[in-house]
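Worksheet: one structure, shown below.
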Amino acid sequence: MAAASGLILSMGLPATAADTTAGVSASTESGSAQTALAVTAAPTATVSFERPVVKTTAAPKVEPVRPQSTEPATRTAAAAAGQDASPVTKTAETVPSAATSGIAAIAYTGIGHSYVWGGTSPVTGWDCSGFVQWVYAQAGISIPRTNAWSIMSPTSAPQPGDLVVQNGGAHVGIYVGNGMMISALNPSQGTLLHSPAATGSSSYYHLNK
């Protein structure tokens with residue numbers, strides 16, 4: 001088949017007659033030199049003009065970057081848990097301010113221990129005089145187990161750590177301030193914080209150091 005432009009396309013030739021190489025021949029048309037390109041192809045060859053399918057992928061979505069917190073991790077974790085990061089001492093909440101030091105503070109550590117007649121130890125139990133002697137000993141002060149007030153001076157203005165003598169010497173304990181005392185009261189109640197008025201008449205003695 002000859003095209004008007006001078007392009008010659010040979011199709012439908014037998015396979016044996018087909019030339020496997022393309023040839024170029026010159027022909028003269030309308031008095032001008034034209035170059036003719038002869039294209040040969042196998043009979044089974046097909047020509048397709050379909051547009052190729054091109055798959056596209058959307059560009060990735062850019063997420064905004066949040067600024068990193070400069071707050072220390074320990075503080076952030078504590079805030080998330082609803083707690084303060086700084087430690088808080090709870091001693092002042094459990095021990096009255098009048099008894100936060102000295103003998104009175106030591107007396108508070110004896111609360112809850114059992115009462116044993118003649119005892120002097122928080123491990124095996126103590127009686128009222130054994131408790132008083134133990135408390136003073138923890139403060140480095142040696143006093144007699146019985147009649148300890150005999151080496152002390154009476155006072156009408158007791159201070160935390162002073163000795164409380166009740167019922168003429170039948171019972172003793174330690175004054176801890178705020179109108180309260182601690183003593184080993186009896187086998188059923190053990191060592192506890194109580195009001196002096198709840199256990200009889202009281203006299204107070206101060207140890208001159």
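Numbering starts fresh at 1 for the residues of each chain in the structure tokens, the chains themselves are lettered A, B, ... in the order given, and ligands are numbered from 1 as they appear.
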
Can you pull out every residue within 10 Å of region 139-153 of chain A, counting only C-alpha atoms, but drop anything in the same chain fewer than 5 positions away, and send it as a CSV table (one decimal) with N, CA and C atoms, in the first residue's frame?
```csv
chain,number,residue,atom,x,y,z
A,102,GLY,N,12.1,15.1,120.9
A,102,GLY,CA,12.4,14.7,122.3
A,102,GLY,C,11.6,13.5,122.8
A,103,ILE,N,11.4,13.5,124.1
A,103,ILE,CA,10.8,12.4,124.8
A,103,ILE,C,9.4,12.2,124.4
A,104,ALA,N,8.6,13.2,124.2
A,104,ALA,CA,7.2,13.1,123.7
A,104,ALA,C,7.1,12.3,122.4
A,105,ALA,N,8.0,12.7,121.5
A,105,ALA,CA,8.0,12.0,120.2
A,105,ALA,C,8.3,10.5,120.3
A,106,ILE,N,9.3,10.2,121.2
A,106,ILE,CA,9.6,8.8,121.4
A,106,ILE,C,8.4,8.1,122.0
A,118,GLY,N,5.2,-5.8,135.0
A,118,GLY,CA,6.6,-5.9,135.3
A,118,GLY,C,7.5,-5.9,134.0
A,120,THR,N,9.4,-4.4,130.5
A,120,THR,CA,10.1,-3.2,130.2
A,120,THR,C,10.5,-3.1,128.7
A,128,CYS,N,3.2,0.3,133.1
A,128,CYS,CA,3.3,1.8,133.0
A,128,CYS,C,4.7,2.3,133.3
A,129,SER,N,5.3,1.8,134.4
A,129,SER,CA,6.6,2.3,134.8
A,129,SER,C,7.7,1.8,133.8
A,130,GLY,N,7.5,0.6,133.3
A,130,GLY,CA,8.5,0.1,132.4
A,130,GLY,C,8.4,0.9,131.1
A,131,PHE,N,7.3,1.3,130.7
A,131,PHE,CA,7.1,2.1,129.4
A,131,PHE,C,7.8,3.4,129.6
A,132,VAL,N,7.6,4.1,130.8
A,132,VAL,CA,8.2,5.4,131.0
A,132,VAL,C,9.7,5.3,131.1
A,133,GLN,N,10.2,4.3,131.7
A,133,GLN,CA,11.7,4.1,131.8
A,133,GLN,C,12.3,3.8,130.4
A,134,TRP,N,11.6,3.0,129.6
A,134,TRP,CA,12.1,2.8,128.2
A,134,TRP,C,12.1,4.0,127.4
A,162,ASP,N,7.3,15.7,130.0
A,162,ASP,CA,7.2,15.6,131.5
A,162,ASP,C,6.5,14.4,132.0
A,163,LEU,N,6.7,14.0,133.2
A,163,LEU,CA,6.1,12.8,133.8
A,163,LEU,C,4.8,13.1,134.3
A,164,VAL,N,3.8,12.2,134.1
A,164,VAL,CA,2.5,12.4,134.7
A,164,VAL,C,2.3,11.3,135.7
A,165,VAL,N,2.1,11.7,137.0
A,165,VAL,CA,1.9,10.7,138.1
A,165,VAL,C,0.4,10.8,138.5
A,169,GLY,N,0.6,8.0,142.6
A,169,GLY,CA,1.7,7.2,142.3
A,169,GLY,C,1.3,5.8,141.8
A,170,ALA,N,0.0,5.5,141.7
A,170,ALA,CA,-0.5,4.2,141.3
A,170,ALA,C,-0.3,4.0,139.8
A,172,VAL,N,1.6,5.9,136.1
A,172,VAL,CA,2.5,7.0,135.5
A,172,VAL,C,2.4,6.9,134.0
A,203,SER,N,-0.5,14.6,138.8
A,203,SER,CA,0.5,15.6,139.2
A,203,SER,C,1.6,15.5,138.1
A,204,TYR,N,2.3,16.6,137.9
A,204,TYR,CA,3.3,16.6,136.8
A,204,TYR,C,4.7,16.9,137.3
A,205,TYR,N,5.7,16.2,136.7
A,205,TYR,CA,7.0,16.4,137.2
A,205,TYR,C,8.0,16.6,136.0
A,206,HIS,N,8.9,17.5,136.2
A,206,HIS,CA,9.8,17.9,135.1
A,206,HIS,C,11.2,17.4,135.5
A,207,LEU,N,12.0,16.9,134.6
A,207,LEU,CA,13.3,16.4,134.8
A,207,LEU,C,14.3,17.5,134.5
A,208,ASN,N,15.0,18.0,135.4
A,208,ASN,CA,16.0,19.1,135.2
A,208,ASN,C,17.2,18.5,134.6
A,209,LYS,N,17.5,18.9,133.4
A,209,LYS,CA,18.7,18.3,132.6
A,209,LYS,C,19.9,19.2,132.8
```

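Nearest to Tyr108 (chain A) of all the residues A:Ala157, A:Leu185, A:Val135, A:Ala197 is A:Val135, counting only C-alpha atoms.
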
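Of note, CA of His171 (chain A) and CA of Pro158 (chain A) are spaced 17.0 Å apart.
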
Original post:
When you draw a straight line from CA of Gly119 (chain A) to CA of Gly173 (chain A), how long is it in Å?
Top reply: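 Separation between CA of Gly119 (chain A) and CA of Gly173 (chain A): 14.7 Å.
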